[in-house]
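Single-structure report; data block below.
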Amino acid sequence: MLKEPFVKNYLSEHYGSDSFRTLEGYEDAGGFAGIKKALAQTPEEVTEQVKASGLRGRGGAGFATGLKWSFMPKQSDRMKVIVINGDESEPGSFKDRMIMERGPFQILEGILIGAWAMGAKRSYVYVRGEYREPIRALEAAVEELRAKKYLGKACFGKKGFEHDIVIHSGAGAYICGEETGLLESLEGKKGQPRKKPPFPAQHGAFGLPTTVNNVETFAHVPYILEKGVEWFRSRGTEKSPGTTLFGVSGHVERPGLFELPLGTPLREVLGLAGGVRGGRRLKGVMPGGLSMPILPPSELDVGMAEELLAPRGSHLGTGGVMVMDETTCMVRVACVTSYFFRDESCGQCTQCREGTGWLHKLCEKIEQGRGSAEDLSLLVDVPSVMEGQTICAFADAAAWPIQGLLKHFRADFQAHIDEKKCPFSESFEL
Amino acid sequence: MPKLTIDGNEYEVAAGRTILQAIDDLGLLMNGVDIPHYCWHPKLTIDGSCRLCQVEIEGMPKLQIACNTPVSDGMKVHTQTERVQKARRGVMELLLINHPLDCPICDQAGECKLQDYAFEYGVAGARTREPRRPAKKSVDLGPTILFDQERCILCRRCVRFCREISHTGELGVFNRGDESLLETFPGIPLDNPYSMNVADICPVGALTTKDFRFKIRVWFTDDVESVCNQCARGCNIVASRSNNKIYRFVPRRNDAVNDTWMCDHGRMSYKLNAQGRISSARVDQKPVSSAFAAARAGELVRAARASGGRVVGVASPFSSNEELEAFRDFLAELGAGAARFAVPHGDSDEILIEAEKAPNAAGCRALGMQESSDSLGHAELAIVLGHTTHAAAFADVRRVILVDSHESALSARADVVLPARTFLEESGHFTNVDGVVQRFNPVVEPNFEALSEREALDEIRKAAAAPPASET
């Protein structure tokens, strides 16, 4: 694992330094300036600043963070809870891991600012089960905060500001990265997303008013408070301010993380990653993790921000950029993708449970040279009754990549059917 | 009250309800307002997973599930648009890709919601050529239920029933995605006093009762509305009959009495109608015609009155209100005073099962009858109408006239026994533990000569009034 991103900005500036992972080192680097400024203001003022900053959730959906915070009931006789999503289960995404490992105090400071703004007494950081090192880093950081009384009955010496943070290990399911699937899992239940209403702000973790944010989202918050809204908005786009850690993987010379302003052209991101490996030609890019539709090389000039990608038929997702060169069989990509979503569907909703299985069977059939024109038309029809009709967005996530692959690489599918075999390699079975 | 418009028709509905709940409250669901659904059940929590009840709501970009969308005032819902129909076709097609085409050997055929909705909302042809998910046939879940895993559409009604209603939690859905399977938890069979309800709420042929399975095709039966007589709850039922035979009881919805449930004991009590019946009149325990037995009963009544001896009436909490009234009047004519009655008792729970193991103790009380299981003391004659389980109380009674449907310790010693019809062989009303008066209807005809209790009383009355017949 990389110790730091190849390209750094405010968030990852100190990720190369081991001392940044200690409370002392974090403070030396200017840490806790944000929370101190926040505690000098009213919770409403803090929420207003986060709203004004335009910060969008970095977990995939890109929802406005300040607006989400304002959904929490102002007055509540029940304890309010913050849940931090560090499940990072999206294939192609590996940014949260680095933030948790290299900048745990950034996340914890952001959480405390959120806790002050929302009046939450308890936070749960839900970390992907396989992420042993991030869990260790966060647990050590929480211990240091407690020892320094930055956490407890009166955080940072502020009377009445009580907060505690629990680090919780997941157990390895994609769907536990979904907001309410995560809440179920946190409660010790099977990871199955909840129907809405009720929304988490009314009935979240353990039935308490809850806000769920991604770890990276919280990591940005201290900088907004410390340096101000205008400073934050000077990076990124009007609708998507700030930076993010793009994770570039696949057929590039230099796969890794790159902290860049949102809106950076995809071409520039690929260039920083050294371009396509071995001088080969680019075939396609999934710009936001496995669940976002693939883009063809003709779309390389698109800016990496949700509002710029959406009109081009894809989404920013988690910023996990997956690059595929000309040797890639797009039917095999569809096959692997549909297998993943078939395996990870929680199985509650009809369309998702049955649709993901059917899609995978169809993709596998075509990849193995047994497909027909009829199967190809089913690959269009089945996703169309899956997307937008289920409890959570998983069915969309399963349908979109197939739709994208078919839209831009139909020739690959047709070749498999015409030649009755995979033109790229020997057929395989998963 | 919020106003809800569905396909142009406006309804006033209760506040705080979801669309399906509101329509169900009005009694219109699948009965004027058709929104097909699988996982939703009026007496279980909302699951929202089958996705069949999707509707289009003005102002909402996506289709919404009617089961979980709260009604707001002025909401306009469309259930028949092209988008809704496409979504339903999609759900039906996807539910069927792993469902076996074994309707010809499936016991649910004829009352299967998958058949019904596939016909109504699906498409005729199958587009899948892939092998179906392998699963187990004929899984023994416990003493009452067999499970066909292939047919299960994972609506999880049964899971919620066991958690929320019977509070036993034996069932769960294991694994994920299209490998999800309904199973019992390891080592825990589906065994609770309400277990057979899961077969009723299963929309497909996955859960069937061992008792009814393969006994008869449902389209050969017709259903008669009745009331269970096994305890004071009086769960509403339909009795399925064919060729003058009862094949099963299933619960009938009554929100004031039993919601949509009944206990397994009550459900299996349909068998009692044919068991242990008094099939012939008897005098001194020798078979005689009903007319002869009635005449003998009349003689005993006359003799008792002539002797000035004590005559007592014993009523039964298994009799209908109509029978109890007739008995009260009969006893008044004799000057015998109010009837006594005794109620058998047993286990009860917080769900449906009442400790009083008879359907109409409340009816007896309402007519001023005396509840007692003590000895009747010394008496010349006891006239017993209906089933009574307290034979010991009759130890010091000289003569007993019994009108009853089922053999008992008392029928084995009664001087005159007249065979009676059961509640499944005539109509009447029971008053349940909460004072709800409920009608039952004749389901079958006895295949021997049996009188209704009222007819028996009339015969005894006539015989008692007649001048003494010359002994022949």
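The way I read the labels, and the way they are meant: chains A, B, ... in the order of the structure tokens, residue 1 as the first residue of every chain, and ligand 1 as the first ligand shown, with later ones counted on from there.
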
Find the nearest atom pair between each residue of chain B and chain A for residues within 8 Å, count only C-alpha atoms, give distances in Å to one decimal, sort rows by chain and ascending number, and present the table as CSV.
residue,atom,partner,partner_atom,distance
B:Asp47,CA,A:Lys195,CA,7.6
B:Gly48,CA,A:Lys195,CA,6.4
B:Ser49,CA,A:Cys349,CA,4.4
B:Cys50,CA,A:Thr350,CA,5.3
B:Arg51,CA,A:Cys349,CA,6.6
B:Lys62,CA,A:Gly388,CA,6.7
B:Leu63,CA,A:Gln389,CA,6.8
B:Gln64,CA,A:Gln389,CA,7.7
B:Asn68,CA,A:Pro197,CA,7.3
B:Thr69,CA,A:Pro197,CA,7.5
B:Lys86,CA,A:Val385,CA,7.7
B:Ala87,CA,A:Val385,CA,6.1
B:Gly90,CA,A:Val385,CA,5.5
B:Val91,CA,A:Gln351,CA,6.2
B:Leu94,CA,A:Glu354,CA,5.6
B:Leu95,CA,A:Thr350,CA,6.6
B:Ile97,CA,A:Glu354,CA,7.4
B:Asn98,CA,A:Glu354,CA,7.7
B:Glu130,CA,A:Lys361,CA,7.0
B:Leu154,CA,A:Gln348,CA,7.7
B:Arg176,CA,A:Cys346,CA,4.8
B:Gly177,CA,A:Gly347,CA,3.8
B:Asp178,CA,A:Arg353,CA,5.0
B:Glu179,CA,A:Gly347,CA,7.9
B:Ser180,CA,A:Gly347,CA,6.2

task = Run DSSP on the backbone and grab whatever in stretch 192-294 of chain A lands in helix (DSSP H, G or I); send it over as a PyMOL selection string.
result = chain A and resi 205-207+215-227+229-233+266-272+277-279

message = Need to verify the contact set: stretch 23-35 of chain A, 10 Å, only C-alpha atoms, exclusion of same-chain residues closer than 5 positions in sequence. Can you return it as an MDAnalysis selection string?
response = chainID A and resid 13:14 17:18 40:41 46 103:106 108:114 116 140:145 148 150 156 221:228

Would you export the selected residues with N, CA and C atoms as a CSV table (one decimal), in the first residue's frame, please?
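As written to disk, again-v6.csv reads:
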chain,number,residue,atom,x,y,z
A,13,GLU,N,-1.8,16.3,2.4
A,13,GLU,CA,-0.5,17.0,2.4
A,13,GLU,C,0.5,16.3,3.3
A,14,HIS,N,0.0,15.8,4.5
A,14,HIS,CA,1.0,15.2,5.5
A,14,HIS,C,0.9,13.7,5.5
A,17,SER,N,3.9,11.6,6.4
A,17,SER,CA,4.6,11.7,7.7
A,17,SER,C,3.9,10.7,8.7
A,18,ASP,N,4.7,9.9,9.3
A,18,ASP,CA,4.1,9.0,10.3
A,18,ASP,C,3.6,9.7,11.5
A,40,ALA,N,-16.4,27.8,19.0
A,40,ALA,CA,-16.6,29.2,19.3
A,40,ALA,C,-17.9,29.7,18.7
A,41,GLN,N,-18.5,28.8,17.9
A,41,GLN,CA,-19.7,29.3,17.2
A,41,GLN,C,-20.9,28.4,17.6
A,46,VAL,N,-22.3,26.6,12.4
A,46,VAL,CA,-21.4,25.6,11.9
A,46,VAL,C,-22.1,24.9,10.7
A,103,GLY,N,-4.6,9.6,7.9
A,103,GLY,CA,-5.1,10.9,8.5
A,103,GLY,C,-6.3,10.6,9.5
A,104,PRO,N,-6.1,9.7,10.4
A,104,PRO,CA,-7.3,9.4,11.3
A,104,PRO,C,-7.8,10.6,12.1
A,105,PHE,N,-6.9,11.5,12.4
A,105,PHE,CA,-7.4,12.6,13.2
A,105,PHE,C,-8.2,13.6,12.4
A,106,GLN,N,-8.0,13.6,11.1
A,106,GLN,CA,-8.8,14.5,10.3
A,106,GLN,C,-10.2,14.1,10.3
A,108,LEU,N,-11.6,12.2,12.7
A,108,LEU,CA,-12.2,12.3,14.0
A,108,LEU,C,-12.5,13.8,14.3
A,109,GLU,N,-11.7,14.7,13.9
A,109,GLU,CA,-12.0,16.1,14.1
A,109,GLU,C,-13.2,16.5,13.3
A,110,GLY,N,-13.3,16.0,12.1
A,110,GLY,CA,-14.6,16.3,11.3
A,110,GLY,C,-15.8,15.8,12.0
A,111,ILE,N,-15.7,14.6,12.6
A,111,ILE,CA,-16.8,14.0,13.3
A,111,ILE,C,-17.2,14.9,14.5
A,112,LEU,N,-16.2,15.4,15.2
A,112,LEU,CA,-16.5,16.2,16.4
A,112,LEU,C,-17.2,17.5,16.0
A,113,ILE,N,-16.8,18.0,14.9
A,113,ILE,CA,-17.4,19.3,14.3
A,113,ILE,C,-18.9,18.9,14.0
A,114,GLY,N,-19.1,17.8,13.4
A,114,GLY,CA,-20.4,17.3,13.0
A,114,GLY,C,-21.2,17.1,14.3
A,116,TRP,N,-20.9,18.5,17.2
A,116,TRP,CA,-21.2,19.8,17.8
A,116,TRP,C,-22.4,20.4,17.0
A,140,ALA,N,-6.4,3.7,17.8
A,140,ALA,CA,-5.3,4.4,18.6
A,140,ALA,C,-5.6,5.9,18.7
A,141,ALA,N,-6.1,6.4,17.6
A,141,ALA,CA,-6.4,7.9,17.6
A,141,ALA,C,-7.5,8.2,18.6
A,142,VAL,N,-8.5,7.4,18.7
A,142,VAL,CA,-9.6,7.6,19.6
A,142,VAL,C,-9.1,7.5,21.0
A,143,GLU,N,-8.2,6.5,21.3
A,143,GLU,CA,-7.6,6.4,22.6
A,143,GLU,C,-6.8,7.7,23.0
A,144,GLU,N,-6.1,8.2,22.0
A,144,GLU,CA,-5.3,9.4,22.3
A,144,GLU,C,-6.2,10.6,22.6
A,145,LEU,N,-7.3,10.7,21.9
A,145,LEU,CA,-8.3,11.8,22.1
A,145,LEU,C,-8.9,11.7,23.5
A,148,LYS,N,-6.5,12.7,26.2
A,148,LYS,CA,-6.2,14.1,26.2
A,148,LYS,C,-7.5,14.9,26.6
A,150,TYR,N,-10.0,15.3,24.9
A,150,TYR,CA,-10.6,15.9,23.7
A,150,TYR,C,-11.9,15.2,23.4
A,156,PHE,N,-12.8,18.9,24.4
A,156,PHE,CA,-12.0,20.2,24.2
A,156,PHE,C,-12.3,21.2,25.3
A,221,VAL,N,-14.2,18.4,6.5
A,221,VAL,CA,-14.9,19.4,7.3
A,221,VAL,C,-14.0,20.3,8.1
A,222,PRO,N,-12.9,19.8,8.8
A,222,PRO,CA,-12.1,20.7,9.5
A,222,PRO,C,-11.5,21.8,8.7
A,223,TYR,N,-11.2,21.6,7.4
A,223,TYR,CA,-10.5,22.6,6.6
A,223,TYR,C,-11.5,23.7,6.2
A,224,ILE,N,-12.8,23.3,6.1
A,224,ILE,CA,-13.8,24.3,5.8
A,224,ILE,C,-14.0,25.2,6.9
A,225,LEU,N,-14.0,24.7,8.2
A,225,LEU,CA,-14.1,25.5,9.3
A,225,LEU,C,-12.9,26.4,9.6
A,226,GLU,N,-11.7,25.8,9.3
A,226,GLU,CA,-10.4,26.5,9.6
A,226,GLU,C,-10.2,27.6,8.6
A,227,LYS,N,-10.3,27.2,7.3
A,227,LYS,CA,-9.9,28.1,6.3
A,227,LYS,C,-11.0,28.9,5.6
A,228,GLY,N,-12.2,28.5,5.9
A,228,GLY,CA,-13.4,29.3,5.4
A,228,GLY,C,-14.0,28.7,4.1

request  = Taking the DSSP assignment computed from this structure's backbone, write out as JSON, numbers by chain all residues of stretch 173-350 of chain A that belong to strand (DSSP E).
outcome  = {"A": [210, 211, 212, 213, 214, 243, 244, 245, 246, 247, 248, 249, 250, 256, 257, 258, 259, 260, 261, 282, 283, 284, 285, 286, 320, 321, 322, 323, 324, 325]}

Write to file, as a compact mmCIF listing (two decimals), in the first residue's frame, the residues of the selection just made, with N, CA and C atoms.
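Dumped everything to again-v2.txt:
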# COMPACT_ATOMS: atom_id res chain seq x y z
N THR A 210 -30.21 9.70 13.24
CA THR A 210 -28.86 9.35 12.79
C THR A 210 -28.52 10.06 11.50
N THR A 211 -27.28 10.50 11.41
CA THR A 211 -26.74 10.99 10.13
C THR A 211 -25.59 10.08 9.73
N VAL A 212 -25.62 9.63 8.48
CA VAL A 212 -24.55 8.78 7.99
C VAL A 212 -23.76 9.55 6.94
N ASN A 213 -22.44 9.68 7.17
CA ASN A 213 -21.55 10.32 6.20
C ASN A 213 -20.34 9.43 5.95
N ASN A 214 -19.76 9.59 4.78
CA ASN A 214 -18.54 8.88 4.42
C ASN A 214 -17.34 9.43 5.20
N THR A 243 -11.50 19.09 -3.12
CA THR A 243 -10.74 18.05 -3.82
C THR A 243 -11.33 16.70 -3.46
N THR A 244 -10.83 15.68 -4.13
CA THR A 244 -11.10 14.32 -3.67
C THR A 244 -9.89 13.47 -4.02
N LEU A 245 -9.84 12.29 -3.44
CA LEU A 245 -8.74 11.38 -3.76
C LEU A 245 -9.22 10.42 -4.85
N PHE A 246 -8.77 10.68 -6.07
CA PHE A 246 -9.13 9.77 -7.15
C PHE A 246 -8.23 8.54 -7.05
N GLY A 247 -8.87 7.38 -7.09
CA GLY A 247 -8.08 6.15 -7.08
C GLY A 247 -8.06 5.59 -8.49
N VAL A 248 -6.88 5.59 -9.09
CA VAL A 248 -6.79 5.11 -10.47
C VAL A 248 -6.22 3.69 -10.46
N SER A 249 -6.93 2.80 -11.12
CA SER A 249 -6.46 1.41 -11.14
C SER A 249 -6.66 0.85 -12.54
N GLY A 250 -6.13 -0.33 -12.76
CA GLY A 250 -6.29 -0.98 -14.05
C GLY A 250 -5.08 -0.79 -14.92
N GLY A 256 -2.70 4.38 -8.56
CA GLY A 256 -2.57 4.92 -7.21
C GLY A 256 -3.59 6.01 -6.96
N LEU A 257 -3.30 6.78 -5.89
CA LEU A 257 -4.23 7.83 -5.50
C LEU A 257 -3.70 9.20 -5.92
N PHE A 258 -4.63 10.07 -6.27
CA PHE A 258 -4.29 11.41 -6.75
C PHE A 258 -5.28 12.38 -6.15
N GLU A 259 -4.83 13.26 -5.29
CA GLU A 259 -5.76 14.25 -4.73
C GLU A 259 -5.85 15.43 -5.68
N LEU A 260 -7.00 15.58 -6.29
CA LEU A 260 -7.18 16.61 -7.31
C LEU A 260 -8.51 17.31 -7.08
N PRO A 261 -8.60 18.55 -7.55
CA PRO A 261 -9.88 19.25 -7.42
C PRO A 261 -10.95 18.51 -8.23
N LEU A 282 -6.37 3.12 -25.24
CA LEU A 282 -7.42 3.07 -24.23
C LEU A 282 -8.69 2.49 -24.86
N LYS A 283 -9.39 1.66 -24.06
CA LYS A 283 -10.67 1.14 -24.57
C LYS A 283 -11.86 1.76 -23.81
N GLY A 284 -11.73 1.84 -22.51
CA GLY A 284 -12.83 2.43 -21.74
C GLY A 284 -12.40 2.74 -20.32
N VAL A 285 -13.17 3.61 -19.66
CA VAL A 285 -12.88 4.00 -18.28
C VAL A 285 -14.17 3.97 -17.47
N MET A 286 -14.15 3.26 -16.35
CA MET A 286 -15.24 3.39 -15.38
C MET A 286 -14.80 4.49 -14.42
N GLY A 320 -13.37 6.16 -7.97
CA GLY A 320 -12.48 5.04 -8.29
C GLY A 320 -12.44 4.85 -9.80
N VAL A 321 -11.33 5.29 -10.41
CA VAL A 321 -11.24 5.31 -11.87
C VAL A 321 -10.61 4.00 -12.35
N MET A 322 -11.36 3.22 -13.10
CA MET A 322 -10.84 1.94 -13.57
C MET A 322 -10.60 2.00 -15.07
N VAL A 323 -9.36 1.78 -15.44
CA VAL A 323 -8.93 2.00 -16.83
C VAL A 323 -8.74 0.66 -17.53
N MET A 324 -9.27 0.56 -18.73
CA MET A 324 -9.16 -0.69 -19.49
C MET A 324 -8.58 -0.40 -20.86
N ASP A 325 -7.57 -1.17 -21.22
CA ASP A 325 -6.94 -0.93 -22.53
C ASP A 325 -7.57 -1.82 -23.60

ask   = If we count only C-alpha atoms, what is near B:Ala456 at a cut-off of 10 Å, once residues fewer than 2 positions away on the same chain are taken out, given as number ranges by chain?
value = B: 290-291, 294, 385, 402-404, 418-421, 450-454, 458-462

Only C-alpha atoms, please: the residues just picked out, written as a PDB file, in the first residue's frame.
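In the end it all went to part19.pdb:
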ATOM      1  CA  SER B 290     -85.557 -41.104  17.546  1.00  0.00           C
ATOM      2  CA  ALA B 291     -89.356 -41.076  17.784  1.00  0.00           C
ATOM      3  CA  ALA B 294     -88.489 -38.874  22.297  1.00  0.00           C
ATOM      4  CA  LEU B 385     -79.198 -30.167  26.030  1.00  0.00           C
ATOM      5  CA  LEU B 402     -79.439 -36.271  26.936  1.00  0.00           C
ATOM      6  CA  VAL B 403     -79.592 -34.495  23.578  1.00  0.00           C
ATOM      7  CA  ASP B 404     -76.036 -34.447  22.234  1.00  0.00           C
ATOM      8  CA  LEU B 418     -81.165 -38.332  21.312  1.00  0.00           C
ATOM      9  CA  PRO B 419     -78.594 -37.716  18.531  1.00  0.00           C
ATOM     10  CA  ALA B 420     -78.124 -34.018  17.785  1.00  0.00           C
ATOM     11  CA  ARG B 421     -76.666 -32.033  14.945  1.00  0.00           C
ATOM     12  CA  ALA B 450     -79.988 -36.364  13.812  1.00  0.00           C
ATOM     13  CA  LEU B 451     -82.185 -33.599  15.155  1.00  0.00           C
ATOM     14  CA  SER B 452     -81.283 -30.050  15.804  1.00  0.00           C
ATOM     15  CA  GLU B 453     -81.400 -29.385  19.529  1.00  0.00           C
ATOM     16  CA  ARG B 454     -84.515 -27.294  19.031  1.00  0.00           C
ATOM     17  CA  ASP B 458     -90.017 -29.906  20.424  1.00  0.00           C
ATOM     18  CA  GLU B 459     -90.262 -33.675  20.200  1.00  0.00           C
ATOM     19  CA  ILE B 460     -89.803 -34.085  23.961  1.00  0.00           C
ATOM     20  CA  ARG B 461     -92.298 -31.302  24.639  1.00  0.00           C
ATOM     21  CA  LYS B 462     -94.898 -32.972  22.400  1.00  0.00           C
TER      22      LYS B 462
END

message = So that I can see what lies close to B:Cys235, please list as a VMD selection string the residues with an atom at most 8 Å from it, counting only C-alpha atoms and leaving out residues fewer than 2 positions away in the same chain.
response = chain B and resid 227 to 228 233 237 251 to 252 257 to 258 261 to 262

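Nearest to B:Ser411 of all the residues B:His387, B:Lys3, B:Arg310, B:His167 is B:His387, counting only C-alpha atoms.
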